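Next comes target02.pdb, with PDB, C-alpha atoms.
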MODEL        1
ATOM      1  CA  MET A 817     168.150 230.181 -22.742
ATOM      2  CA  ALA A 818     167.865 226.639 -21.355
ATOM      3  CA  SER A 819     164.424 225.085 -21.274
ATOM      4  CA  SER A 820     163.046 223.932 -17.929
ATOM      5  CA  TYR A 821     160.689 221.416 -19.519
ATOM      6  CA  ILE A 822     160.829 218.000 -17.849
ATOM      7  CA  PRO A 823     159.464 215.202 -19.994
ATOM      8  CA  ASP A 824     156.858 212.895 -18.511
ATOM      9  CA  VAL A 825     158.479 209.453 -18.644
ATOM     10  CA  ARG A 826     155.665 207.664 -16.857
ATOM     11  CA  THR A 827     153.969 204.778 -18.620
ATOM     12  CA  THR A 828     150.326 204.740 -19.615
ATOM     13  CA  PHE A 829     149.666 202.358 -16.732
ATOM     14  CA  ASP A 830     151.254 204.813 -14.288
ATOM     15  CA  ARG A 831     149.106 207.681 -15.533
ATOM     16  CA  LEU A 832     145.914 205.659 -15.359
ATOM     17  CA  ALA A 833     146.832 204.347 -11.901
ATOM     18  CA  ASP A 834     147.498 207.897 -10.685
ATOM     19  CA  VAL A 835     144.077 209.082 -11.825
ATOM     20  CA  ALA A 836     142.354 205.950 -10.511
ATOM     21  CA  PHE A 837     143.899 206.310  -7.059
ATOM     22  CA  VAL A 838     142.774 209.927  -6.748
ATOM     23  CA  ALA A 839     139.235 209.159  -7.938
ATOM     24  CA  VAL A 840     138.774 205.999  -5.861
ATOM     25  CA  ALA A 841     140.359 207.439  -2.701
ATOM     26  CA  ALA A 842     138.194 210.562  -2.909
ATOM     27  CA  ALA A 843     135.026 208.538  -3.551
ATOM     28  CA  LEU A 844     135.731 206.117  -0.704
ATOM     29  CA  GLY A 845     136.566 209.026   1.583
ATOM     30  CA  ALA A 846     133.176 210.555   0.828
ATOM     31  CA  VAL A 847     131.431 207.240   1.517
ATOM     32  CA  ILE A 848     133.298 206.779   4.808
ATOM     33  CA  ALA A 849     132.424 210.330   5.863
ATOM     34  CA  LEU A 850     128.712 209.968   5.038
ATOM     35  CA  ALA A 851     127.980 206.370   6.097
ATOM     36  CA  PRO A 852     128.062 207.071   9.877
ATOM     37  CA  LEU A 853     125.416 209.772   9.348
ATOM     38  CA  SER A 854     122.911 207.407   7.736
ATOM     39  CA  GLU A 855     119.903 206.631   9.930
ATOM     40  CA  HIS A 856     120.287 202.983   8.913
ATOM     41  CA  GLY A 857     123.374 202.273  11.021
ATOM     42  CA  LEU A 858     122.640 199.472  13.473
ATOM     43  CA  VAL A 859     119.576 198.049  15.178
ATOM     44  CA  LEU A 860     120.109 197.474  18.903
ATOM     45  CA  GLY A 861     117.643 195.514  20.965
ATOM     46  CA  GLY A 862     116.576 192.493  22.958
ATOM     47  CA  SER A 863     113.445 191.594  24.900
ATOM     48  CA  ALA A 864     111.552 192.386  28.095
ATOM     49  CA  CYS A 865     109.839 189.459  29.793
ATOM     50  CA  GLY A 866     107.710 188.675  32.818
ATOM     51  CA  GLY A 867     106.610 185.478  34.514
ATOM     52  CA  GLY A 868     108.144 182.071  34.066
ATOM     53  CA  GLY A 869     107.538 178.724  32.423
ATOM     54  CA  ASN A 870     104.358 178.541  30.393
ATOM     55  CA  GLU A 871     103.221 181.842  31.896
ATOM     56  CA  GLN A 872     106.193 183.801  30.598
ATOM     57  CA  ARG A 873     105.401 186.609  28.198
ATOM     58  CA  CYS A 874     107.963 188.673  26.293
ATOM     59  CA  THR A 875     108.006 191.860  24.254
ATOM     60  CA  GLY A 876     110.628 192.552  21.622
ATOM     61  CA  ILE A 877     112.584 195.798  21.899
ATOM     62  CA  ALA A 878     114.526 197.315  18.998
ATOM     63  CA  ARG A 879     115.979 200.724  18.278
ATOM     64  CA  GLN A 880     117.428 201.737  14.907
ATOM     65  CA  LEU A 881     120.161 204.345  15.164
ATOM     66  CA  SER A 882     122.754 206.034  13.013
ATOM     67  CA  LEU A 883     126.336 205.196  13.909
ATOM     68  CA  VAL A 884     127.048 208.674  15.286
ATOM     69  CA  GLU A 885     123.945 208.366  17.479
ATOM     70  CA  ILE A 886     125.294 205.108  18.875
ATOM     71  CA  SER A 887     128.665 206.589  19.797
ATOM     72  CA  PRO A 888     130.442 209.934  19.276
ATOM     73  CA  ARG A 889     133.507 207.860  18.383
ATOM     74  CA  PHE A 890     132.033 207.342  14.921
ATOM     75  CA  TRP A 891     132.680 211.022  14.213
ATOM     76  CA  ALA A 892     136.307 209.925  13.870
ATOM     77  CA  PHE A 893     135.287 208.066  10.703
ATOM     78  CA  VAL A 894     133.622 211.218   9.388
ATOM     79  CA  ALA A 895     136.835 213.156  10.041
ATOM     80  CA  GLY A 896     138.923 210.360   8.539
ATOM     81  CA  GLY A 897     136.818 210.345   5.384
ATOM     82  CA  VAL A 898     137.226 214.096   4.980
ATOM     83  CA  LEU A 899     140.973 213.772   5.514
ATOM     84  CA  CYS A 900     141.086 211.054   2.849
ATOM     85  CA  ILE A 901     139.363 213.399   0.377
ATOM     86  CA  LEU A 902     141.896 216.135   1.165
ATOM     87  CA  LEU A 903     144.811 213.725   0.672
ATOM     88  CA  ALA A 904     143.353 212.617  -2.661
ATOM     89  CA  GLY A 905     143.082 216.267  -3.704
ATOM     90  CA  ALA A 906     146.706 216.861  -2.711
ATOM     91  CA  ALA A 907     147.743 213.833  -4.756
ATOM     92  CA  LEU A 908     145.975 215.324  -7.794
ATOM     93  CA  VAL A 909     147.622 218.726  -7.422
ATOM     94  CA  LEU A 910     151.061 217.211  -6.791
ATOM     95  CA  ARG A 911     150.748 214.405  -9.325
ATOM     96  CA  ARG A 912     154.259 214.997 -10.749
ATOM     97  CA  ARG A 913     155.946 214.920  -7.344
ATOM     98  CA  SER A 914     156.688 211.222  -7.031
ATOM     99  CA  ASN A 915     158.094 211.311  -3.506
ATOM    100  CA  VAL A 916     155.190 213.420  -2.253
ATOM    101  CA  ARG A 917     152.690 211.062  -3.897
ATOM    102  CA  PHE A 918     154.424 208.156  -2.181
ATOM    103  CA  GLY A 919     154.079 209.921   1.169
ATOM    104  CA  ILE A 920     150.393 210.592   0.493
ATOM    105  CA  ALA A 921     149.852 206.920  -0.334
ATOM    106  CA  ILE A 922     151.475 205.902   2.968
ATOM    107  CA  ALA A 923     149.302 208.414   4.838
ATOM    108  CA  VAL A 924     146.112 207.036   3.257
ATOM    109  CA  LEU A 925     147.298 203.483   3.977
ATOM    110  CA  ALA A 926     147.908 204.313   7.645
ATOM    111  CA  LEU A 927     144.494 205.966   7.856
ATOM    112  CA  ALA A 928     142.827 202.960   6.235
ATOM    113  CA  PHE A 929     144.632 200.476   8.491
ATOM    114  CA  VAL A 930     143.528 202.286  11.651
ATOM    115  CA  GLY A 931     139.967 202.309  10.312
ATOM    116  CA  LEU A 932     140.211 198.619   9.404
ATOM    117  CA  VAL A 933     141.238 197.676  12.938
ATOM    118  CA  GLN A 934     138.370 199.670  14.415
ATOM    119  CA  VAL A 935     135.615 198.370  12.117
ATOM    120  CA  GLU A 936     136.710 194.752  12.553
ATOM    121  CA  ARG A 937     136.734 195.106  16.349
ATOM    122  CA  ILE A 938     133.177 196.415  16.247
ATOM    123  CA  ASP A 939     132.030 193.944  13.594
ATOM    124  CA  ALA A 940     133.188 191.028  15.752
ATOM    125  CA  LEU A 941     130.729 192.143  18.455
ATOM    126  CA  LEU A 942     127.679 192.442  16.217
ATOM    127  CA  GLY A 943     124.922 189.871  15.829
ATOM    128  CA  PRO A 944     123.645 187.303  16.285
ATOM    129  CA  GLU A 945     121.744 187.146  13.011
ATOM    130  CA  ASP A 946     119.595 184.144  13.988
ATOM    131  CA  GLY A 947     117.100 186.189  16.003
ATOM    132  CA  GLY A 948     118.731 185.536  19.395
ATOM    133  CA  THR A 949     120.882 187.685  21.647
ATOM    134  CA  TRP A 950     124.451 187.598  22.939
ATOM    135  CA  GLY A 951     124.705 186.696  26.607
ATOM    136  CA  ARG A 952     127.649 188.956  27.359
ATOM    137  CA  THR A 953     128.115 191.700  29.934
ATOM    138  CA  LEU A 954     127.807 195.345  28.983
ATOM    139  CA  GLU A 955     131.564 195.742  29.425
ATOM    140  CA  ASP A 956     132.157 192.978  26.875
ATOM    141  CA  TRP A 957     130.196 194.953  24.275
ATOM    142  CA  GLY A 958     133.099 197.391  24.185
ATOM    143  CA  PRO A 959     133.362 201.147  24.642
ATOM    144  CA  VAL A 960     131.647 201.957  21.341
ATOM    145  CA  LEU A 961     128.423 199.978  21.772
ATOM    146  CA  SER A 962     127.968 199.665  25.541
ATOM    147  CA  PRO A 963     126.856 203.300  26.213
ATOM    148  CA  ALA A 964     124.011 202.991  23.697
ATOM    149  CA  LEU A 965     122.988 199.635  25.205
ATOM    150  CA  VAL A 966     122.995 201.121  28.714
ATOM    151  CA  ASP A 967     120.718 203.916  27.492
ATOM    152  CA  LEU A 968     118.440 201.364  25.817
ATOM    153  CA  ARG A 969     118.167 199.301  29.010
ATOM    154  CA  THR A 970     117.554 202.378  31.163
ATOM    155  CA  ASP A 971     114.733 203.462  28.860
ATOM    156  CA  ALA A 972     113.242 199.949  28.855
ATOM    157  CA  LEU A 973     113.315 199.723  32.659
ATOM    158  CA  ARG A 974     111.573 203.077  32.935
ATOM    159  CA  ARG A 975     108.943 201.998  30.437
ATOM    160  CA  TYR A 976     108.234 198.369  31.409
ATOM    161  CA  GLU A 977     109.228 197.770  35.046
ATOM    162  CA  GLY A 978     106.152 197.302  37.255
ATOM    163  CA  THR A 979     103.735 197.047  34.332
ATOM    164  CA  ARG A 980     101.957 193.969  33.030
ATOM    165  CA  THR A 981     103.033 192.104  29.926
ATOM    166  CA  GLU A 982      99.369 191.994  28.884
ATOM    167  CA  PRO A 983      95.989 192.547  30.555
ATOM    168  CA  GLY A 984      95.812 189.959  33.333
ATOM    169  CA  GLY A 985      99.324 188.733  32.524
ATOM    170  CA  PRO A 986     102.423 188.648  34.730
ATOM    171  CA  LEU A 987     104.392 191.765  35.611
ATOM    172  CA  TYR A 988     107.572 192.526  33.763
ATOM    173  CA  ASP A 989     110.493 191.283  35.843
ATOM    174  CA  ARG A 990     113.373 193.744  36.256
ATOM    175  CA  GLU A 991     115.896 190.922  35.826
ATOM    176  CA  GLN A 992     114.237 189.911  32.554
ATOM    177  CA  ILE A 993     114.228 193.359  30.975
ATOM    178  CA  LEU A 994     117.036 193.379  28.398
ATOM    179  CA  PRO A 995     119.269 190.879  30.222
ATOM    180  CA  SER A 996     121.062 190.412  26.891
ATOM    181  CA  PHE A 997     121.230 192.270  23.597
ATOM    182  CA  PHE A 998     121.579 191.971  19.851
ATOM    183  CA  ALA A 999     123.163 194.413  17.413
ATOM    184  CA  HIS A1000     122.052 193.864  13.828
ATOM    185  CA  LYS A1001     123.880 195.303  10.849
ATOM    186  CA  GLN A1002     122.125 197.806   8.615
ATOM    187  CA  ASP A1003     123.166 199.393   5.324
ATOM    188  CA  GLY A1004     125.036 202.242   6.999
ATOM    189  CA  TRP A1005     127.352 199.845   8.788
ATOM    190  CA  ARG A1006     127.769 197.533   5.805
ATOM    191  CA  VAL A1007     128.726 200.438   3.538
ATOM    192  CA  LEU A1008     131.207 201.832   6.071
ATOM    193  CA  HIS A1009     132.800 198.454   6.668
ATOM    194  CA  GLY A1010     133.110 197.685   2.960
ATOM    195  CA  ALA A1011     134.494 201.127   2.094
ATOM    196  CA  VAL A1012     137.213 200.883   4.750
ATOM    197  CA  VAL A1013     138.303 197.436   3.543
ATOM    198  CA  VAL A1014     138.442 198.552  -0.100
ATOM    199  CA  LEU A1015     140.358 201.717   0.822
ATOM    200  CA  PHE A1016     142.939 199.607   2.650
ATOM    201  CA  PHE A1017     143.631 197.500  -0.452
ATOM    202  CA  VAL A1018     143.609 200.523  -2.779
ATOM    203  CA  ALA A1019     146.092 202.434  -0.605
ATOM    204  CA  LEU A1020     148.283 199.345  -0.208
ATOM    205  CA  PHE A1021     148.409 198.881  -3.980
ATOM    206  CA  GLU A1022     149.234 202.552  -4.547
ATOM    207  CA  THR A1023     152.041 202.374  -1.981
ATOM    208  CA  LEU A1024     153.559 199.196  -3.435
ATOM    209  CA  ARG A1025     153.100 200.339  -7.034
ATOM    210  CA  ARG A1026     155.426 203.262  -6.439
ATOM    211  CA  ARG A1027     158.231 200.957  -5.312
ATOM    212  CA  VAL A1028     157.519 197.868  -7.410
ATOM    213  CA  ARG A1029     157.776 198.680 -11.098
ATOM    214  CA  ARG A1030     156.094 195.549 -12.457
ATOM    215  CA  PRO A1031     152.287 195.896 -12.274
ATOM    216  CA  THR A1032     151.696 192.143 -11.956
ATOM    217  CA  LEU A1033     154.126 191.943  -9.053
ATOM    218  CA  ALA A1034     152.467 194.938  -7.391
ATOM    219  CA  VAL A1035     149.034 193.321  -7.766
ATOM    220  CA  THR A1036     150.268 189.985  -6.401
ATOM    221  CA  THR A1037     152.011 191.610  -3.442
ATOM    222  CA  THR A1038     148.962 193.752  -2.675
ATOM    223  CA  ALA A1039     146.571 190.824  -2.806
ATOM    224  CA  THR A1040     148.666 188.424  -0.730
ATOM    225  CA  VAL A1041     149.931 190.878   1.873
ATOM    226  CA  GLY A1042     146.537 192.568   2.093
ATOM    227  CA  ILE A1043     144.639 189.301   2.610
ATOM    228  CA  VAL A1044     147.007 188.104   5.325
ATOM    229  CA  VAL A1045     146.972 191.434   7.171
ATOM    230  CA  TRP A1046     143.171 191.669   6.928
ATOM    231  CA  ALA A1047     142.771 188.106   8.221
ATOM    232  CA  TRP A1048     145.165 188.842  11.092
ATOM    233  CA  VAL A1049     143.143 191.921  12.043
ATOM    234  CA  VAL A1050     139.900 189.893  11.926
ATOM    235  CA  ASP A1051     141.375 187.158  14.110
ATOM    236  CA  ARG A1052     142.699 189.670  16.618
ATOM    237  CA  ALA A1053     139.228 191.220  16.830
ATOM    238  CA  VAL A1054     137.437 187.949  17.608
ATOM    239  CA  VAL A1055     136.251 187.744  21.214
ATOM    240  CA  CYS A1056     137.569 184.480  22.673
ATOM    241  CA  GLY A1057     135.819 182.447  25.325
ATOM    242  CA  ASP A1058     136.695 182.457  28.994
ATOM    243  CA  GLU A1059     139.492 179.963  28.396
ATOM    244  CA  GLY A1060     140.950 182.161  25.657
ATOM    245  CA  ASP A1061     141.784 179.172  23.450
ATOM    246  CA  CYS A1062     140.837 180.745  20.107
ATOM    247  CA  PHE A1063     142.689 179.501  17.055
ATOM    248  CA  HIS A1064     143.321 182.046  14.327
ATOM    249  CA  TRP A1065     141.915 180.107  11.412
ATOM    250  CA  ALA A1066     141.436 183.147   9.180
ATOM    251  CA  THR A1067     145.142 184.006   9.315
ATOM    252  CA  VAL A1068     146.178 180.415   8.584
ATOM    253  CA  ILE A1069     143.799 180.125   5.631
ATOM    254  CA  ALA A1070     144.891 183.527   4.283
ATOM    255  CA  ALA A1071     148.563 182.504   4.540
ATOM    256  CA  ILE A1072     147.854 179.293   2.618
ATOM    257  CA  VAL A1073     145.970 181.196  -0.099
ATOM    258  CA  ALA A1074     148.804 183.733  -0.312
ATOM    259  CA  GLY A1075     151.371 180.944  -0.638
ATOM    260  CA  ILE A1076     149.421 179.305  -3.462
ATOM    261  CA  TRP A1077     149.038 182.682  -5.187
ATOM    262  CA  TRP A1078     152.796 183.286  -5.034
ATOM    263  CA  LEU A1079     153.542 179.801  -6.376
ATOM    264  CA  ALA A1080     151.174 180.448  -9.291
ATOM    265  CA  TYR A1081     152.770 183.845  -9.929
ATOM    266  CA  LEU A1082     156.307 182.447  -9.890
ATOM    267  CA  ALA A1083     155.293 179.536 -12.119
ATOM    268  CA  GLY A1084     153.665 181.956 -14.569
ATOM    269  CA  SER A1085     156.769 184.174 -14.602
ATOM    270  CA  MET A1086     159.057 181.216 -15.279
ATOM    271  CA  LEU A1087     156.755 179.947 -18.025
ATOM    272  CA  GLY A1088     156.645 183.400 -19.617
ATOM    273  CA  ARG A1089     160.446 183.633 -19.666
ATOM    274  CA  PHE A1090     160.684 180.131 -21.135
ATOM    275  CA  VAL A1091     158.249 180.985 -23.936
ATOM    276  CA  GLU A1092     160.112 184.233 -24.600
ATOM    277  CA  ARG A1093     163.400 182.365 -24.994
ATOM    278  CA  ILE A1094     161.824 179.913 -27.429
ATOM    279  CA  ARG A1095     160.375 182.712 -29.557
ATOM    280  CA  ARG A1096     163.614 184.703 -29.545
ATOM    281  CA  PRO A1097     165.311 184.320 -32.944
ATOM    282  CA  ARG A1098     168.643 182.570 -32.904
ATOM    283  CA  THR A1099     171.663 184.476 -34.162
TER
ENDMDL
END
Before we go any further, please render this structure as structure tokens.
Amino acid sequence: MASSYIPDVRTTFDRLADVAFVAVAAALGAVIALAPLSEHGLVLGGSACGGGGNEQRCTGIARQLSLVEISPRFWAFVAGGVLCILLAGAALVLRRRSNVRFGIAIAVLALAFVGLVQVERIDALLGPEDGGTWGRTLEDWGPVLSPALVDLRTDALRRYEGTRTEPGGPLYDREQILPSFFAHKQDGWRVLHGAVVVLFFVALFETLRRRVRRPTLAVTTTATVGIVVWAWVVDRAVVCGDEGDCFHWATVIAAIVAGIWWLAYLAGSMLGRFVERIRRPRT
């Protein structure tokens, strides 16, 4: 009777990489699913003022919210994190099915790329971190943040309009109640942003590793392609001025770094082959 045993011809690196991808993807999926639920998501705020000149008085307004409280759209990250955990579990169960594992890696990569685009679009709107506010319209804050800012302004108008800034002081002016806003990053956002970026690189490496047999080449391709794509996403997310004359410096710098990395890799490969030829015994 013929044996149906199929020997495992994978290298030690392949086995370790398989386990690492499952563990890291599952862990990052859990982080991405939980981060939007943290109460330390973002701090939204601004100021309410009354009077003018030397008589002007202002009161700071700030509201700390979880990401899902800011917008229901953040539940998509919770769902995406859960899906990432399920894909990692499928990769563990089907670890000997190379083609299936490749498909799972592509699925995680696609999921991570969509998340990367979304977090960079939101991140470009956050700030400023110098204690000021952004003088942009509510529409320019984007569909994720603007509803929470509208609610914050409505609450501030109800609370401050028609009242005095202080006993004997000027009345709060409607036009000076949250005319502009800030959105400060908290740990919940930082963790979510970082986890999505790391997941993108991990999934990209896993995808390339299954088609590029040399680990060093897979690492180099992941690093260079990943940096350029990430920089392109960041540049596309930047809000340009009215003239729209933004220059995509991040993409240019990333392309230069990638080019230098490839030159170093090719030089190292050529040097390694040269040394190998010298050490090879002559016949």
Do you know which residues are at most 12 Å from Thr1040 of chain A counting all atoms listed in the file, after dropping those on the same chain fewer than 6 positions away, and could you put them as a PDB file with C-alpha atoms, in the coordinates of the input?
ATOM      1  CA  PHE A1017     143.631 197.500  -0.452  1.00  0.00           C
ATOM      2  CA  LEU A1020     148.283 199.345  -0.208  1.00  0.00           C
ATOM      3  CA  PHE A1021     148.409 198.881  -3.980  1.00  0.00           C
ATOM      4  CA  LEU A1033     154.126 191.943  -9.053  1.00  0.00           C
ATOM      5  CA  ALA A1034     152.467 194.938  -7.391  1.00  0.00           C
ATOM      6  CA  TRP A1046     143.171 191.669   6.928  1.00  0.00           C
ATOM      7  CA  ALA A1047     142.771 188.106   8.221  1.00  0.00           C
ATOM      8  CA  THR A1067     145.142 184.006   9.315  1.00  0.00           C
ATOM      9  CA  ILE A1069     143.799 180.125   5.631  1.00  0.00           C
ATOM     10  CA  ALA A1070     144.891 183.527   4.283  1.00  0.00           C
ATOM     11  CA  ALA A1071     148.563 182.504   4.540  1.00  0.00           C
ATOM     12  CA  ILE A1072     147.854 179.293   2.618  1.00  0.00           C
ATOM     13  CA  VAL A1073     145.970 181.196  -0.099  1.00  0.00           C
ATOM     14  CA  ALA A1074     148.804 183.733  -0.312  1.00  0.00           C
ATOM     15  CA  GLY A1075     151.371 180.944  -0.638  1.00  0.00           C
ATOM     16  CA  ILE A1076     149.421 179.305  -3.462  1.00  0.00           C
ATOM     17  CA  TRP A1077     149.038 182.682  -5.187  1.00  0.00           C
ATOM     18  CA  TRP A1078     152.796 183.286  -5.034  1.00  0.00           C
ATOM     19  CA  LEU A1079     153.542 179.801  -6.376  1.00  0.00           C
ATOM     20  CA  ALA A1080     151.174 180.448  -9.291  1.00  0.00           C
ATOM     21  CA  TYR A1081     152.770 183.845  -9.929  1.00  0.00           C
TER      22      TYR A1081
END
Task: Nearest candidate to Val1035 of chain A (options A:Thr949, A:Thr1023, A:Thr827, A:Ser854; using all atoms listed in the file) - done: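 Comparing A:Thr949, A:Thr1023, A:Thr827, A:Ser854 against Val1035 of chain A, the winner is A:Thr1023.
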Open item on the list: Taking the file as I've supplied it (selection: the PyMOL selection byres ((chain A and resi 899) around 12)), which residues are included? Please answer as a PyMOL selection string.
Closed with: chain A and resi 841-842+844-846+848-849+892-898+900-906+920+923-924+926-928
TODO: Kindly resolve the PyMOL selection byres ((chain A and resi 966) around 12) on the present coordinates and return the residues as a list in words.
DONE: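 Selection result, ordered by chain and number: Leu860, Gly861, Ile886, Ser887, Thr953, Leu954, Glu955, Trp957, Gly958, Pro959, Val960, Leu961, Ser962, Pro963, Ala964, Leu965, Asp967, Leu968, Arg969, Thr970, Asp971, Ala972, Leu973, Ile993, Leu994, Pro995, Ser996 and Phe997 of chain A.
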Task: Shell around Leu942 of chain A at 7 Å using all atoms listed in the file, local window under 3 positions removed, as a list in words - done: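 Returned residues: Ile938, Asp939, Ala999 and His1000 of chain A.
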TODO: Report the residues retrieved by the PyMOL selection byres ((chain A and resi 987) around 10) from the displayed file, expressed as an NGL selection string.
DONE: :A and (865-867 or 872-873 or 976-986 or 988-990)
Task: Minimum-distance residue to Leu910 of chain A, chosen among A:Leu1008, A:Arg1089, A:Arg1095, A:Asp834 (using only C-alpha atoms) - done: A:Asp834
Open item on the list: Here is a test: counting all atoms listed in the file, which residue of A:Val1007, A:Ala843, A:Val1028, A:Cys874 is nearest to Gln992 of chain A?
Closed with: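 Smallest distance to Gln992 of chain A is found for A:Cys874.
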TODO: Quick one: pull the distance between atom CA of Glu1022 of chain A and atom CA of Thr828 of chain A, Å, one decimal.
DONE: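 Between atom CA of Glu1022 of chain A and atom CA of Thr828 of chain A the gap is 15.3 Å.
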- [ ] Could you check how far atom CA of Gly1004 of chain A sits from atom CA of Trp1065 of chain A, in Å to one decimal?
- [x]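 Calculated distance between atom CA of Gly1004 of chain A and atom CA of Trp1065 of chain A is 28.2 Å.
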Open item on the list: List the spatial neighbours of Val1055 of chain A as a PyMOL selection string - criterion: any atom at most 9 Å away, only C-alpha atoms, same-chain residues fewer than 2 positions off excluded.
Closed with: chain A and resi 937+940-941+956+1051-1053+1057+1060+1062
TODO: Go through A:Gly948, A:Gly1010, A:Gly857, A:Pro852 and flag the residue nearest Gly876 of chain A, using all atoms listed in the file for the distances.
DONE: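 So, comparing all the options, the nearest one is A:Gly948.
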Task: Selected residue, from A:Arg974, A:His856, A:Arg917, A:Arg1096, that lies nearest to Leu1024 of chain A when counting only C-alpha atoms - done: A:Arg917
Open item on the list: One number please: atom CA of Pro1031 of chain A to atom CA of Phe829 of chain A, in Å, one decimal.
Closed with: 8.3 Å
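Minimum atom-to-atom distance to Leu908 of chain A, evaluated using all atoms listed in the file, belongs to A:Ala833 out of A:Val933, A:Met1086, A:Ala833, A:Leu853.
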Draw an axis-aligned box over all listed atoms of segment 1013-1017 of chain A, pad each side with 3 Å, and write its centre and edge lengths in Å, one decimal, as lines of an AutoDock Vina configuration file.
center_x = 141.0
center_y = 199.6
center_z = 1.5
size_x = 11.3
size_y = 10.3
size_z = 10.0
